[in-house]
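Engineer: my_file14.cif (mmCIF, C-alpha atoms and all ligand atoms) pasted underneath:
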```cif
data_final
loop_
_atom_site.group_PDB
_atom_site.id
_atom_site.type_symbol
_atom_site.label_atom_id
_atom_site.label_comp_id
_atom_site.auth_asym_id
_atom_site.auth_seq_id
_atom_site.Cartn_x
_atom_site.Cartn_y
_atom_site.Cartn_z
ATOM 1 C CA MET A 134 18.382 -7.011 5.528
ATOM 2 C CA ARG A 135 15.327 -8.713 7.059
ATOM 3 C CA ALA A 136 12.665 -9.803 4.582
ATOM 4 C CA GLY A 137 9.389 -7.907 4.715
ATOM 5 C CA PRO A 138 6.029 -9.610 5.238
ATOM 6 C CA ASN A 139 4.681 -11.653 2.372
ATOM 7 C CA TRP A 140 1.225 -10.410 1.336
ATOM 8 C CA GLU A 141 0.819 -12.827 -1.548
ATOM 9 C CA ILE A 142 -2.316 -14.257 0.002
ATOM 10 C CA PHE A 143 -4.007 -10.885 -0.665
ATOM 11 C CA GLY A 144 -2.171 -10.020 -3.861
ATOM 12 C CA GLY A 145 -3.241 -13.399 -5.238
ATOM 13 C CA TRP A 146 -6.905 -12.343 -5.137
ATOM 14 C CA TRP A 147 -7.334 -11.385 -8.775
ATOM 15 C CA GLY A 148 -4.195 -9.279 -8.445
ATOM 16 C CA ILE A 149 -5.986 -6.749 -6.236
ATOM 17 C CA SER A 150 -3.638 -4.761 -4.030
ATOM 18 C CA PRO A 151 -4.031 -5.297 -0.256
ATOM 19 C CA ALA A 152 -4.290 -1.509 0.011
ATOM 20 C CA ILE A 153 -7.549 -1.607 -1.977
ATOM 21 C CA ILE A 154 -8.952 -4.507 0.059
ATOM 22 C CA ILE A 155 -8.238 -2.851 3.395
ATOM 23 C CA LEU A 156 -9.669 0.433 2.052
ATOM 24 C CA ILE A 157 -13.175 -1.056 2.305
ATOM 25 C CA PHE A 158 -13.136 -0.504 6.069
ATOM 26 C CA PRO A 159 -11.894 3.094 6.447
ATOM 27 C CA LEU A 160 -13.857 4.107 3.346
ATOM 28 C CA GLY A 161 -17.033 2.432 4.628
ATOM 29 C CA PHE A 162 -16.509 4.122 7.999
ATOM 30 C CA ARG A 163 -16.217 7.545 6.381
ATOM 31 C CA LEU A 164 -18.985 7.100 3.813
ATOM 32 C CA THR A 165 -21.474 6.144 6.523
ATOM 33 C CA CYS A 166 -20.192 8.757 9.017
ATOM 34 C CA TYR A 167 -22.961 11.063 10.310
ATOM 35 C CA TYR A 168 -20.993 14.158 9.435
ATOM 36 C CA TYR A 169 -20.226 13.119 5.843
ATOM 37 C CA ARG A 170 -23.809 11.918 5.447
ATOM 38 C CA LYS A 171 -25.102 15.338 6.378
ATOM 39 C CA ALA A 172 -22.790 16.908 3.810
ATOM 40 C CA TYR A 173 -23.663 14.644 0.902
ATOM 41 C CA TYR A 174 -27.383 14.400 1.741
ATOM 42 C CA ARG A 175 -27.604 18.162 1.564
ATOM 43 C CA GLY A 176 -25.214 18.535 -1.340
ATOM 44 C CA PHE A 177 -26.334 15.694 -3.620
ATOM 45 C CA TRP A 178 -29.299 13.748 -2.243
ATOM 46 C CA ALA A 179 -31.426 16.807 -1.401
ATOM 47 C CA SER A 180 -32.867 14.921 1.528
ATOM 48 C CA PRO A 181 -33.233 17.358 3.151
ATOM 49 C CA PRO A 182 -31.595 20.163 1.132
ATOM 50 C CA ALA A 183 -31.303 22.229 4.334
ATOM 51 C CA CYS A 184 -33.042 22.768 7.654
ATOM 52 C CA ALA A 185 -36.762 23.610 7.227
ATOM 53 C CA VAL A 186 -36.530 23.393 3.427
ATOM 54 C CA ALA A 187 -39.001 21.117 1.644
ATOM 55 C CA GLU A 188 -37.350 18.359 -0.276
ATOM 56 C CA PRO A 189 -38.109 17.343 -3.868
ATOM 57 C CA HIS A 190 -39.049 13.759 -2.952
ATOM 58 C CA LYS A 191 -42.748 12.973 -2.523
ATOM 59 C CA LYS A 192 -42.328 11.621 0.965
ATOM 60 C CA TYR A 193 -39.582 11.847 3.533
ATOM 61 C CA THR A 194 -38.583 8.361 4.631
ATOM 62 C CA GLY A 195 -35.295 9.231 6.252
ATOM 63 C CA GLU A 196 -33.062 6.196 6.561
ATOM 64 C CA THR A 197 -35.867 3.668 6.934
ATOM 65 C CA ARG A 198 -35.841 2.390 3.338
ATOM 66 C CA PHE A 199 -33.312 0.964 0.906
ATOM 67 C CA PRO A 200 -30.695 2.218 0.091
ATOM 68 C CA LEU A 201 -30.284 4.656 2.990
ATOM 69 C CA ILE A 202 -31.174 2.019 5.577
ATOM 70 C CA LEU A 203 -27.769 0.515 4.807
ATOM 71 C CA GLN A 204 -26.228 3.496 6.615
ATOM 72 C CA ASN A 205 -27.040 1.663 9.842
ATOM 73 C CA ILE A 206 -23.992 -0.458 9.157
ATOM 74 C CA HIS A 207 -21.936 2.467 10.460
ATOM 75 C CA ARG A 208 -21.689 1.043 13.993
ATOM 76 C CA TYR A 209 -20.034 -2.097 12.603
ATOM 77 C CA PHE A 210 -17.623 -0.060 10.527
ATOM 78 C CA PHE A 211 -16.735 1.663 13.793
ATOM 79 C CA TYR A 212 -15.415 -1.634 15.191
ATOM 80 C CA ALA A 213 -13.429 -2.198 11.979
ATOM 81 C CA ALA A 214 -12.067 1.361 12.259
ATOM 82 C CA LEU A 215 -10.845 0.562 15.786
ATOM 83 C CA LEU A 216 -8.910 -2.356 14.350
ATOM 84 C CA VAL A 217 -7.437 -0.226 11.557
ATOM 85 C CA ALA A 218 -6.449 2.488 14.067
ATOM 86 C CA GLY A 219 -4.776 -0.224 16.168
ATOM 87 C CA ILE A 220 -2.752 -1.413 13.172
ATOM 88 C CA LEU A 221 -1.756 2.170 12.341
ATOM 89 C CA THR A 222 -0.688 2.637 15.973
ATOM 90 C CA TYR A 223 1.525 -0.437 15.624
ATOM 91 C CA ASP A 224 2.992 1.070 12.423
ATOM 92 C CA THR A 225 3.694 4.299 14.296
ATOM 93 C CA VAL A 226 5.554 2.424 17.043
ATOM 94 C CA LEU A 227 7.644 0.688 14.357
ATOM 95 C CA ALA A 228 8.525 4.100 12.922
ATOM 96 C CA PHE A 229 10.771 4.638 15.968
ATOM 97 C CA ARG A 230 13.313 2.226 14.459
ATOM 98 C CA ASP A 231 16.073 3.106 12.056
ATOM 99 C CA GLU A 232 16.874 1.313 8.800
ATOM 100 C CA HIS A 233 18.770 -1.369 10.771
ATOM 101 C CA TYR A 234 15.705 -2.032 12.950
ATOM 102 C CA ALA A 235 17.363 -0.447 16.019
ATOM 103 C CA TRP A 236 14.939 1.295 18.403
ATOM 104 C CA GLY A 237 15.070 4.808 19.807
ATOM 105 C CA HIS A 238 15.225 6.803 16.585
ATOM 106 C CA MET A 239 12.981 9.499 15.281
ATOM 107 C CA GLY A 240 12.703 11.305 11.986
ATOM 108 C CA LEU A 241 10.315 13.455 10.035
ATOM 109 C CA GLY A 242 8.430 10.316 8.992
ATOM 110 C CA THR A 243 7.922 9.369 12.653
ATOM 111 C CA LEU A 244 6.479 12.818 13.313
ATOM 112 C CA VAL A 245 4.173 12.509 10.295
ATOM 113 C CA PHE A 246 2.966 9.127 11.592
ATOM 114 C CA LEU A 247 2.482 10.488 15.125
ATOM 115 C CA VAL A 248 0.366 13.461 14.020
ATOM 116 C CA ASN A 249 -1.620 11.166 11.741
ATOM 117 C CA ILE A 250 -2.364 8.553 14.397
ATOM 118 C CA VAL A 251 -3.426 11.163 16.952
ATOM 119 C CA LEU A 252 -5.889 12.625 14.430
ATOM 120 C CA ILE A 253 -7.116 9.150 13.398
ATOM 121 C CA TRP A 254 -7.818 8.198 17.015
ATOM 122 C CA ALA A 255 -9.440 11.554 17.762
ATOM 123 C CA TYR A 256 -11.740 11.167 14.728
ATOM 124 C CA THR A 257 -12.555 7.532 15.592
ATOM 125 C CA ILE A 258 -13.294 8.189 19.262
ATOM 126 C CA SER A 259 -15.358 11.270 18.414
ATOM 127 C CA CYS A 260 -17.702 9.034 16.350
ATOM 128 C CA HIS A 261 -21.375 9.228 17.356
ATOM 129 C CA SER A 262 -21.488 5.421 17.560
ATOM 130 C CA CYS A 263 -18.548 5.438 19.987
ATOM 131 C CA ARG A 264 -20.330 7.974 22.178
ATOM 132 C CA HIS A 265 -23.426 5.777 22.203
ATOM 133 C CA ILE A 266 -21.441 2.594 22.897
ATOM 134 C CA VAL A 267 -19.679 4.064 25.939
ATOM 135 C CA GLY A 268 -22.591 6.030 27.398
ATOM 136 C CA GLY A 269 -25.793 4.840 25.721
ATOM 137 C CA LYS A 270 -28.585 2.717 27.203
ATOM 138 C CA LEU A 271 -27.712 3.711 30.777
ATOM 139 C CA LYS A 272 -30.467 4.747 33.147
ATOM 140 C CA HIS A 273 -28.195 6.098 35.853
ATOM 141 C CA PHE A 274 -24.838 7.650 35.084
ATOM 142 C CA SER A 275 -24.170 7.762 38.834
ATOM 143 C CA LYS A 276 -23.969 3.961 38.879
ATOM 144 C CA HIS A 277 -21.458 3.864 36.014
ATOM 145 C CA PRO A 278 -18.837 6.545 36.813
ATOM 146 C CA VAL A 279 -16.195 5.156 34.423
ATOM 147 C CA ARG A 280 -18.566 5.011 31.480
ATOM 148 C CA TYR A 281 -19.889 8.432 32.412
ATOM 149 C CA ARG A 282 -16.358 9.859 32.319
ATOM 150 C CA MET A 283 -15.629 8.166 28.974
ATOM 151 C CA TRP A 284 -18.944 9.439 27.601
ATOM 152 C CA GLN A 285 -17.970 12.982 28.632
ATOM 153 C CA TRP A 286 -14.611 12.689 26.850
ATOM 154 C CA ALA A 287 -16.261 11.218 23.748
ATOM 155 C CA GLY A 288 -18.824 14.039 23.873
ATOM 156 C CA LYS A 289 -16.154 16.732 23.981
ATOM 157 C CA LEU A 290 -14.416 15.236 20.958
ATOM 158 C CA ASN A 291 -17.766 14.650 19.267
ATOM 159 C CA ALA A 292 -18.395 18.404 19.298
ATOM 160 C CA ARG A 293 -15.343 18.702 17.009
ATOM 161 C CA HIS A 294 -16.244 15.711 14.830
ATOM 162 C CA ALA A 295 -16.514 17.678 11.569
ATOM 163 C CA GLN A 296 -13.103 19.319 12.001
ATOM 164 C CA LEU A 297 -11.541 16.000 13.012
ATOM 165 C CA ALA A 298 -13.107 14.315 9.969
ATOM 166 C CA TRP A 299 -11.347 16.750 7.646
ATOM 167 C CA ALA A 300 -8.073 16.972 9.579
ATOM 168 C CA SER A 301 -7.700 13.176 9.733
ATOM 169 C CA LEU A 302 -8.655 12.788 6.078
ATOM 170 C CA VAL A 303 -5.929 15.242 5.029
ATOM 171 C CA SER A 304 -3.378 13.711 7.421
ATOM 172 C CA VAL A 305 -3.999 10.183 6.078
ATOM 173 C CA ALA A 306 -3.483 11.380 2.507
ATOM 174 C CA LEU A 307 -0.322 13.302 3.443
ATOM 175 C CA ALA A 308 1.126 10.410 5.476
ATOM 176 C CA ASP A 309 0.503 7.983 2.597
ATOM 177 C CA PHE A 310 2.072 10.418 0.126
ATOM 178 C CA TYR A 311 5.083 10.894 2.400
ATOM 179 C CA VAL A 312 5.605 7.122 2.655
ATOM 180 C CA TYR A 313 5.246 6.824 -1.119
ATOM 181 C CA LEU A 314 7.912 9.490 -1.696
ATOM 182 C CA VAL A 315 10.391 7.932 0.751
ATOM 183 C CA ALA A 316 9.711 4.385 -0.481
ATOM 184 C CA SER A 317 10.167 5.417 -4.109
ATOM 185 C CA GLY A 318 13.528 7.012 -3.279
ATOM 186 C CA ALA A 319 12.488 10.623 -3.942
ATOM 187 C CA PHE A 320 14.395 11.599 -0.754
ATOM 188 C CA ASP A 321 15.701 10.064 2.485
ATOM 189 C CA ASP A 322 13.608 10.486 5.607
ATOM 190 C CA PRO A 323 15.397 13.229 7.609
ATOM 191 C CA ARG A 324 16.435 11.827 11.022
ATOM 192 C CA PHE A 325 16.202 13.969 14.194
ATOM 193 C CA PHE A 326 18.125 11.474 16.366
HETATM 194 S S1 LIG B 401 -20.326 9.532 13.072
HETATM 195 FE FE1 LIG B 401 -18.591 10.139 11.972
HETATM 196 S S2 LIG B 401 -17.278 8.459 12.214
HETATM 197 FE FE2 LIG B 401 -19.055 7.818 13.278
#
```
Could you take the file, read its structure, and then write that structure out as structure tokens?
Structural biologist:
Amino acid sequence: MRAGPNWEIFGGWWGISPAIIILIFPLGFRLTCYYYRKAYYRGFWASPPACAVAEPHKKYTGETRFPLILQNIHRYFFYAALLVAGILTYDTVLAFRDEHYAWGHMGLGTLVFLVNIVLIWAYTISCHSCRHIVGGKLKHFSKHPVRYRMWQWAGKLNARHAQLAWASLVSVALADFYVYLVASGAFDDPRFF
């Protein structure tokens, strides 16, 4: 059997698992996401508690002061999320191999990976930062038809951003749990062909 990749370079960092190190990026992306922000600002920060409801703080400063100004890092987490989605896409392609590394096979695990990666991409592309990157700062959409079309697609997905945030969060957890079960020998991945 072919040897797997050696991740000692990461594992050697104070014994921290690579899974924890890489988590910084998807977690940072989600924690600074506009949708999640709205939820936890209203639920825990009380800033604002709801639309047209006075908040308990003396003065509303929005995200112009520390620590909330750090939320502006979201656009950079978006680029990291693109990279993570790319790696997950690569993983999904690899899932079309069997245990002997022969291509053209599919099983329940492949399906789990496929659903997961579609939801991950849909959530990532529906990001407000993505919408701004593809269609922002343009004076004339007519002069940029490709970006205008991409902005329209991003806008349609953006309208479903909250649902995609939850669906992709659940799918990531389920996909990871599925891999854990198969890797720990709880059952064999059922093969379709
Ligand atoms: S606004 Fe939610 S991921 Fe960017």
Engineer: Build an axis-aligned box that encloses every atom of ligand LIG 401 (chain B) listed in the file, pad it by 3 Å on each side, and report its centre and edge lengths in Å to one decimal, as lines of an AutoDock Vina configuration file.
Structural biologist:
```
center_x = -18.8
center_y = 9.0
center_z = 12.6
size_x = 9.0
size_y = 8.3
size_z = 7.3
```
Engineer: Determine the residue membership of the PyMOL selection byres (((chain A and resi 279-290) around 9) and not hetatm) for the file above and supply it as a PDB file with C-alpha atoms, keeping the file's coordinate frame.
Structural biologist:
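Contents of expr_36.pdb, freshly written:
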```
ATOM      1  CA  ALA A 255      -9.440  11.554  17.762  1.00  0.00           C
ATOM      2  CA  TYR A 256     -11.740  11.167  14.728  1.00  0.00           C
ATOM      3  CA  ILE A 258     -13.294   8.189  19.262  1.00  0.00           C
ATOM      4  CA  SER A 259     -15.358  11.270  18.414  1.00  0.00           C
ATOM      5  CA  CYS A 260     -17.702   9.034  16.350  1.00  0.00           C
ATOM      6  CA  HIS A 261     -21.375   9.228  17.356  1.00  0.00           C
ATOM      7  CA  CYS A 263     -18.548   5.438  19.987  1.00  0.00           C
ATOM      8  CA  ARG A 264     -20.330   7.974  22.178  1.00  0.00           C
ATOM      9  CA  HIS A 265     -23.426   5.777  22.203  1.00  0.00           C
ATOM     10  CA  ILE A 266     -21.441   2.594  22.897  1.00  0.00           C
ATOM     11  CA  VAL A 267     -19.679   4.064  25.939  1.00  0.00           C
ATOM     12  CA  GLY A 268     -22.591   6.030  27.398  1.00  0.00           C
ATOM     13  CA  GLY A 269     -25.793   4.840  25.721  1.00  0.00           C
ATOM     14  CA  PHE A 274     -24.838   7.650  35.084  1.00  0.00           C
ATOM     15  CA  SER A 275     -24.170   7.762  38.834  1.00  0.00           C
ATOM     16  CA  LYS A 276     -23.969   3.961  38.879  1.00  0.00           C
ATOM     17  CA  HIS A 277     -21.458   3.864  36.014  1.00  0.00           C
ATOM     18  CA  PRO A 278     -18.837   6.545  36.813  1.00  0.00           C
ATOM     19  CA  ASN A 291     -17.766  14.650  19.267  1.00  0.00           C
ATOM     20  CA  ALA A 292     -18.395  18.404  19.298  1.00  0.00           C
ATOM     21  CA  ARG A 293     -15.343  18.702  17.009  1.00  0.00           C
ATOM     22  CA  HIS A 294     -16.244  15.711  14.830  1.00  0.00           C
ATOM     23  CA  LEU A 297     -11.541  16.000  13.012  1.00  0.00           C
TER      24      LEU A 297
END
```
Engineer: Starting from the PyMOL selection byres (((not hetatm)) within 8 of (chain B and resi 401)), expand the selection into actual residues of this file and give them as a VMD selection string.
Structural biologist: chain A and resid 162 to 163 165 to 169 207 to 208 211 256 to 257 259 to 263 294 to 295 298
Engineer: If the PyMOL selection byres (((chain A and resi 247) around 10) and not hetatm) were run on this exact file, what residues would it hold? Put them as an MDAnalysis selection string.
Structural biologist: chainID A and resid 221:222 224:226 228 241:246 248:253 308
Engineer: Expressed in Å to a single decimal, how great is the separation between CA of Phe229 (chain A) and CA of Asp309 (chain A)?
Structural biologist: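 CA of Asp309 (chain A) lies at a distance of 17.2 Å from CA of Phe229 (chain A).
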Engineer: Quote the spacing between CA of Leu227 (chain A) and CA of Phe210 (chain A) in Å to one decimal place.
Structural biologist: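 Computed distance, CA of Leu227 (chain A) to CA of Phe210 (chain A), equals 25.6 Å.
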Engineer: Any idea what's packed within 12 Å of Tyr193 (chain A), counting only C-alpha atoms, ignoring anything in its chain fewer than 6 positions away? Could you give it as a ChimeraX atom specification?
Structural biologist: /A:178-182,186-187,201
Engineer: So how many Å separate CA of Phe325 (chain A) and CA of Arg230 (chain A), to one decimal?
Structural biologist: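 Computing the Euclidean distance for CA of Phe325 (chain A) and CA of Arg230 (chain A) yields 12.1 Å.
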Engineer: List as a PyMOL selection string the residues having at least one atom at most 12 Å from position (-26.9, 2.5, 3.0) as given in the file, counting all atoms listed in the file.
Structural biologist: chain A and resi 161-162+164-167+170+174+195-207
Engineer: Determine the nearest neighbour of Gly219 (chain A) from the options A:Met239, A:Gly176, A:Trp254, A:Thr194, counting only C-alpha atoms.
Structural biologist: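 Result for the nearest residue to Gly219 (chain A): A:Trp254.
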Engineer: From the list A:Pro151, A:His273, A:Phe158, A:Ala306, which residue is nearest Tyr209 (chain A) when using all atoms listed in the file?
Structural biologist: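 Looking at the shortest contact to Tyr209 (chain A), the residue is A:Phe158.
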Engineer: I'd like the contact shell of Asp321 (chain A) - 12 Å cut-off, only C-alpha atoms, skipping same-chain residues fewer than 3 positions apart - returned as a PyMOL selection string.
Structural biologist: chain A and resi 231-232+240-242+311-318+324
Engineer: Step by step: locate region 235-249 of chain A in the block above, keep N, CA and C atoms, then write the file as a PDB file, in the first residue's frame.
Structural biologist:
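File written: decode_10.pdb
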```pdb
ATOM      1  N   ALA A 235      -7.402   2.994  -7.753  1.00  0.00           N
ATOM      2  CA  ALA A 235      -7.887   2.936  -9.131  1.00  0.00           C
ATOM      3  C   ALA A 235      -9.057   3.908  -9.264  1.00  0.00           C
ATOM      4  N   TRP A 236      -9.075   4.647 -10.392  1.00  0.00           N
ATOM      5  CA  TRP A 236     -10.099   5.682 -10.599  1.00  0.00           C
ATOM      6  C   TRP A 236     -11.411   5.095 -11.105  1.00  0.00           C
ATOM      7  N   GLY A 237     -12.453   5.890 -11.039  1.00  0.00           N
ATOM      8  CA  GLY A 237     -13.739   5.532 -11.628  1.00  0.00           C
ATOM      9  C   GLY A 237     -14.663   4.827 -10.664  1.00  0.00           C
ATOM     10  N   HIS A 238     -14.443   5.001  -9.384  1.00  0.00           N
ATOM     11  CA  HIS A 238     -15.296   4.345  -8.379  1.00  0.00           C
ATOM     12  C   HIS A 238     -16.065   5.394  -7.591  1.00  0.00           C
ATOM     13  N   MET A 239     -17.175   4.951  -7.060  1.00  0.00           N
ATOM     14  CA  MET A 239     -17.975   5.876  -6.263  1.00  0.00           C
ATOM     15  C   MET A 239     -18.653   5.113  -5.135  1.00  0.00           C
ATOM     16  N   GLY A 240     -18.712   5.722  -3.997  1.00  0.00           N
ATOM     17  CA  GLY A 240     -19.371   5.108  -2.849  1.00  0.00           C
ATOM     18  C   GLY A 240     -20.152   6.149  -2.070  1.00  0.00           C
ATOM     19  N   LEU A 241     -20.667   5.733  -0.947  1.00  0.00           N
ATOM     20  CA  LEU A 241     -21.440   6.673  -0.128  1.00  0.00           C
ATOM     21  C   LEU A 241     -20.554   7.833   0.326  1.00  0.00           C
ATOM     22  N   GLY A 242     -19.288   7.517   0.629  1.00  0.00           N
ATOM     23  CA  GLY A 242     -18.354   8.560   1.057  1.00  0.00           C
ATOM     24  C   GLY A 242     -18.149   9.606  -0.033  1.00  0.00           C
ATOM     25  N   THR A 243     -18.075   9.149  -1.303  1.00  0.00           N
ATOM     26  CA  THR A 243     -17.916  10.083  -2.414  1.00  0.00           C
ATOM     27  C   THR A 243     -19.115  11.030  -2.473  1.00  0.00           C
ATOM     28  N   LEU A 244     -20.301  10.454  -2.280  1.00  0.00           N
ATOM     29  CA  LEU A 244     -21.524  11.263  -2.317  1.00  0.00           C
ATOM     30  C   LEU A 244     -21.524  12.292  -1.175  1.00  0.00           C
ATOM     31  N   VAL A 245     -21.104  11.840   0.002  1.00  0.00           N
ATOM     32  CA  VAL A 245     -21.022  12.744   1.158  1.00  0.00           C
ATOM     33  C   VAL A 245     -20.068  13.900   0.848  1.00  0.00           C
ATOM     34  N   PHE A 246     -18.913  13.569   0.255  1.00  0.00           N
ATOM     35  CA  PHE A 246     -17.934  14.602  -0.106  1.00  0.00           C
ATOM     36  C   PHE A 246     -18.496  15.552  -1.165  1.00  0.00           C
ATOM     37  N   LEU A 247     -19.228  14.989  -2.147  1.00  0.00           N
ATOM     38  CA  LEU A 247     -19.762  15.818  -3.228  1.00  0.00           C
ATOM     39  C   LEU A 247     -20.773  16.844  -2.696  1.00  0.00           C
ATOM     40  N   VAL A 248     -21.709  16.349  -1.874  1.00  0.00           N
ATOM     41  CA  VAL A 248     -22.730  17.246  -1.308  1.00  0.00           C
ATOM     42  C   VAL A 248     -22.032  18.323  -0.477  1.00  0.00           C
ATOM     43  N   ASN A 249     -21.039  17.886   0.301  1.00  0.00           N
ATOM     44  CA  ASN A 249     -20.331  18.824   1.174  1.00  0.00           C
ATOM     45  C   ASN A 249     -19.625  19.914   0.364  1.00  0.00           C
TER      46      ASN A 249
END
```
